[in-house]
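Student: Sharing a structure below in structure tokens format, with a few things to ask.
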Amino acid sequence: MPILRDCVIYYGGVDLTATANEFSVDSSFADLDVTTFGSSGNHERIAGIEDATASVMTFGDPAIVEPALSTKTGTVELLTAVQFPTGGTATAGDRVYALRGLLTSTKQPLKVGDVSKLDATMPEAQAEGLLAGTLLAPKQTVSAGTPTSALFNLGPVAAGQSVYFGVHVFSITGDRSPTFNCQRNPTTPGTAGAYTTSVSLSRSTTGGSFGSSATVTTDAYWRVACALGGTTGSVTYAAFVAIQ
């Protein structure tokens, strides 16, 4: 039985890992009754629309939590969590759960002598719902060249599926204008010239970016490539992909 000791949480352009101590995701499907006269006197049911809600309990750090959560009520933002990061540190290839959630409420239980906390609730707000994917790039800083992640065998995109790509940009310095490309390749370790970009995301400020592609492909190997843009400075980011 695993004991939860570590969890990495990215929210928009902020890393909440060092300020949060509780995280939960509740997922459920509507229960639809389709009982007919031919059901032999028994109920028949099918699953309806999925609903998911994420909740994060953080300490009330005024430099991190207040601008990251208190000022964003009523807005949609990308949230990504690694439940069991390898060795306590998020590592490329770790399993992630992600959603674009609508920050509907924040609660701040304030009692003299207690540690200040903030509880944020975010139900899913976009059509892709709750995603289970793979961390391609853990939080890292890049400043030169066109850095790429390792190549992971995540499988093809079949008819009716999509590939979903999410990026958290934590900082941009200098004149950098990064573009993040979710790329696929038919082989491993990757045939030169055979990389195809499925989703491309550009940012000029910190925050979360998200995109998807429903293009069917037999390519099974995936990575993220960062085109930095500009000539000076650095970019700190994390990225994931999910196919479902």
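Lettering and numbering for the structure tokens are positional, with chains as A, B, ... in the shown order, residues counted from 1 in each chain, and ligands counted from 1 in the shown order.
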Skipping near chain neighbours, those fewer than 4 positions away, what residues fall within 8 Å of A:Leu228 using only C-alpha atoms, listed as a compact mmCIF listing (two decimals) with N, CA and C atoms, in the first residue's frame?

Tutor:
```txt
# COMPACT_ATOMS: atom_id res chain seq x y z
N SER A 143 18.21 27.89 -21.44
CA SER A 143 18.70 29.21 -21.83
C SER A 143 19.47 29.22 -23.15
N ALA A 144 19.61 28.06 -23.80
CA ALA A 144 20.38 28.03 -25.04
C ALA A 144 19.92 26.89 -25.92
N GLY A 145 20.11 27.05 -27.23
CA GLY A 145 19.80 26.00 -28.18
C GLY A 145 18.31 25.75 -28.32
N THR A 146 17.97 24.53 -28.73
CA THR A 146 16.58 24.09 -28.87
C THR A 146 16.43 22.82 -28.04
N ARG A 176 13.39 36.46 -24.37
CA ARG A 176 12.93 35.16 -24.82
C ARG A 176 11.43 35.17 -25.16
N SER A 177 11.09 34.45 -26.22
CA SER A 177 9.68 34.27 -26.63
C SER A 177 9.52 32.82 -27.02
N PRO A 178 9.33 31.93 -26.04
CA PRO A 178 9.38 30.49 -26.30
C PRO A 178 8.17 29.94 -27.05
N THR A 179 8.44 28.92 -27.86
CA THR A 179 7.42 28.12 -28.49
C THR A 179 7.68 26.66 -28.12
N VAL A 235 14.13 30.52 -19.84
CA VAL A 235 12.72 30.16 -19.66
C VAL A 235 12.66 28.99 -18.69
```

Student: At a cut-off of 10 Å, can you tabulate as a tab-separated table every residue of stretch 66-163 of chain A near stretch 21-44 of chain A together with its closest atom pair and the distance in Å to one decimal, using only C-alpha atoms and ordering rows by chain then number?

Tutor:
```
residue	atom	partner	partner_atom	distance
A:Ala81	CA	A:Phe23	CA	8.6
A:Gln83	CA	A:Phe23	CA	9.1
A:Tyr97	CA	A:Val25	CA	8.8
A:Ala98	CA	A:Val25	CA	9.7
A:Leu99	CA	A:Val25	CA	9.9
A:Lys117	CA	A:Asn21	CA	9.9
A:Asp119	CA	A:Glu22	CA	9.0
A:Ala120	CA	A:Phe23	CA	9.7
A:Thr121	CA	A:Ser24	CA	9.6
A:Met122	CA	A:Val25	CA	9.4
A:Pro123	CA	A:Asp26	CA	9.0
A:Glu124	CA	A:Ser27	CA	9.7
A:Gly129	CA	A:Ser27	CA	9.6
A:Leu130	CA	A:Ser27	CA	7.9
```

Student: Can you pull out every residue within 9 Å of A:Gly174, counting only C-alpha atoms, but drop anything in the same chain fewer than 5 positions away, and send it as a PyMOL selection string?

Tutor: chain A and resi 230-234

Student: Convert the current residue selection to file output with C-alpha atoms, as a PDB file, in the first residue's frame.

Tutor:
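Listing of out-v3.pdb after writing:
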```
ATOM      1  CA  GLY A 230      15.177  35.833 -28.803  1.00  0.00           C
ATOM      2  CA  THR A 231      18.866  35.981 -27.927  1.00  0.00           C
ATOM      3  CA  THR A 232      19.205  36.519 -24.164  1.00  0.00           C
ATOM      4  CA  GLY A 233      17.648  35.250 -20.971  1.00  0.00           C
ATOM      5  CA  SER A 234      16.036  31.976 -19.962  1.00  0.00           C
TER       6      SER A 234
END
```

Student: Using only C-alpha atoms, find the one residue out of A:Tyr11, A:Phe165, A:Tyr195, A:Tyr237 that sits nearest to A:Val142.

Tutor: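 Closest residue, counting only C-alpha atoms: A:Tyr237.
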
Student: What's the separation between atom CA of A:Thr148 and atom CA of A:Ala227, in Å to one decimal place?

Tutor: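 Result for atom CA of A:Thr148 versus atom CA of A:Ala227: 9.0 Å, one decimal.
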
Student: Residues at most 12 Å from stretch 103-106 of chain A, counting only C-alpha atoms, excluding those fewer than 4 positions away in the same chain, as a PyMOL selection string?

Tutor: chain A and resi 11-12+53-58+60+65-66+68-79+99+117-125

Student: Please give the complete set of residues from stretch 33-114 of chain A that DSSP, run on the backbone, assigns to strand (DSSP E or B), formatted as a VMD selection string.

Tutor: chain A and resid 33 45 to 59 76 to 82 95 to 102 105 to 107

Student: Put those residues in a file: N, CA and C atoms, as a compact mmCIF listing (two decimals), in the first residue's frame.

Tutor:
```txt
# COMPACT_ATOMS: atom_id res chain seq x y z
N ASP A 33 -30.72 6.42 -16.07
CA ASP A 33 -31.59 5.24 -16.08
C ASP A 33 -32.14 5.01 -17.49
N ARG A 45 -28.71 0.89 -16.47
CA ARG A 45 -28.14 2.23 -16.38
C ARG A 45 -26.94 2.36 -17.32
N ILE A 46 -26.71 3.59 -17.76
CA ILE A 46 -25.52 3.92 -18.53
C ILE A 46 -24.85 5.14 -17.90
N ALA A 47 -23.57 5.30 -18.21
CA ALA A 47 -22.85 6.47 -17.70
C ALA A 47 -23.14 7.68 -18.56
N GLY A 48 -23.40 8.80 -17.92
CA GLY A 48 -23.63 10.05 -18.64
C GLY A 48 -22.35 10.87 -18.72
N ILE A 49 -22.47 12.16 -18.56
CA ILE A 49 -21.34 13.07 -18.68
C ILE A 49 -20.46 12.99 -17.44
N GLU A 50 -19.15 12.98 -17.67
CA GLU A 50 -18.20 12.96 -16.56
C GLU A 50 -18.11 14.36 -15.92
N ASP A 51 -17.87 14.36 -14.63
CA ASP A 51 -17.61 15.60 -13.91
C ASP A 51 -16.42 15.37 -12.98
N ALA A 52 -15.51 16.30 -12.94
CA ALA A 52 -14.34 16.17 -12.07
C ALA A 52 -14.07 17.50 -11.39
N THR A 53 -13.61 17.43 -10.16
CA THR A 53 -13.28 18.62 -9.38
C THR A 53 -11.97 18.39 -8.64
N ALA A 54 -11.08 19.37 -8.72
CA ALA A 54 -9.81 19.32 -7.99
C ALA A 54 -9.86 20.33 -6.86
N SER A 55 -9.27 19.94 -5.74
CA SER A 55 -9.16 20.83 -4.59
C SER A 55 -7.72 20.85 -4.10
N VAL A 56 -7.24 22.04 -3.78
CA VAL A 56 -5.88 22.20 -3.29
C VAL A 56 -5.90 22.99 -1.99
N MET A 57 -5.28 22.43 -0.95
CA MET A 57 -5.15 23.15 0.31
C MET A 57 -3.71 23.64 0.40
N THR A 58 -3.55 24.94 0.53
CA THR A 58 -2.21 25.52 0.59
C THR A 58 -2.05 26.35 1.87
N PHE A 59 -0.80 26.54 2.26
CA PHE A 59 -0.52 27.52 3.30
C PHE A 59 -0.60 28.91 2.67
N VAL A 76 -10.44 30.34 -15.61
CA VAL A 76 -10.04 28.97 -15.94
C VAL A 76 -8.52 28.93 -16.07
N GLU A 77 -7.90 27.94 -15.41
CA GLU A 77 -6.45 27.82 -15.45
C GLU A 77 -6.07 26.34 -15.47
N LEU A 78 -4.89 26.06 -16.00
CA LEU A 78 -4.38 24.70 -16.10
C LEU A 78 -3.76 24.26 -14.77
N LEU A 79 -4.17 23.08 -14.31
CA LEU A 79 -3.66 22.50 -13.07
C LEU A 79 -3.10 21.12 -13.39
N THR A 80 -1.87 20.85 -12.95
CA THR A 80 -1.22 19.57 -13.18
C THR A 80 -0.64 19.06 -11.88
N ALA A 81 -0.83 17.77 -11.60
CA ALA A 81 -0.32 17.18 -10.37
C ALA A 81 0.37 15.85 -10.66
N VAL A 82 1.53 15.65 -10.04
CA VAL A 82 2.24 14.37 -10.06
C VAL A 82 2.07 13.77 -8.68
N ARG A 95 3.70 9.85 -14.07
CA ARG A 95 2.26 9.96 -14.37
C ARG A 95 1.74 11.29 -13.84
N VAL A 96 0.91 11.97 -14.63
CA VAL A 96 0.31 13.23 -14.19
C VAL A 96 -1.20 13.17 -14.35
N TYR A 97 -1.87 13.98 -13.56
CA TYR A 97 -3.30 14.24 -13.72
C TYR A 97 -3.46 15.73 -13.94
N ALA A 98 -4.27 16.09 -14.91
CA ALA A 98 -4.38 17.51 -15.27
C ALA A 98 -5.81 17.84 -15.67
N LEU A 99 -6.17 19.07 -15.45
CA LEU A 99 -7.45 19.58 -15.95
C LEU A 99 -7.36 21.10 -16.05
N ARG A 100 -8.21 21.63 -16.90
CA ARG A 100 -8.39 23.08 -16.94
C ARG A 100 -9.60 23.39 -16.09
N GLY A 101 -9.34 23.90 -14.89
CA GLY A 101 -10.40 24.07 -13.92
C GLY A 101 -10.84 25.51 -13.75
N LEU A 102 -12.11 25.68 -13.45
CA LEU A 102 -12.68 26.98 -13.14
C LEU A 102 -12.57 27.19 -11.63
N SER A 105 -14.17 28.76 -6.01
CA SER A 105 -14.21 29.25 -4.63
C SER A 105 -12.85 29.12 -3.96
N THR A 106 -12.59 30.01 -3.05
CA THR A 106 -11.44 29.91 -2.16
C THR A 106 -11.93 30.13 -0.73
N LYS A 107 -11.43 29.30 0.16
CA LYS A 107 -11.79 29.43 1.57
C LYS A 107 -10.52 29.64 2.37
```
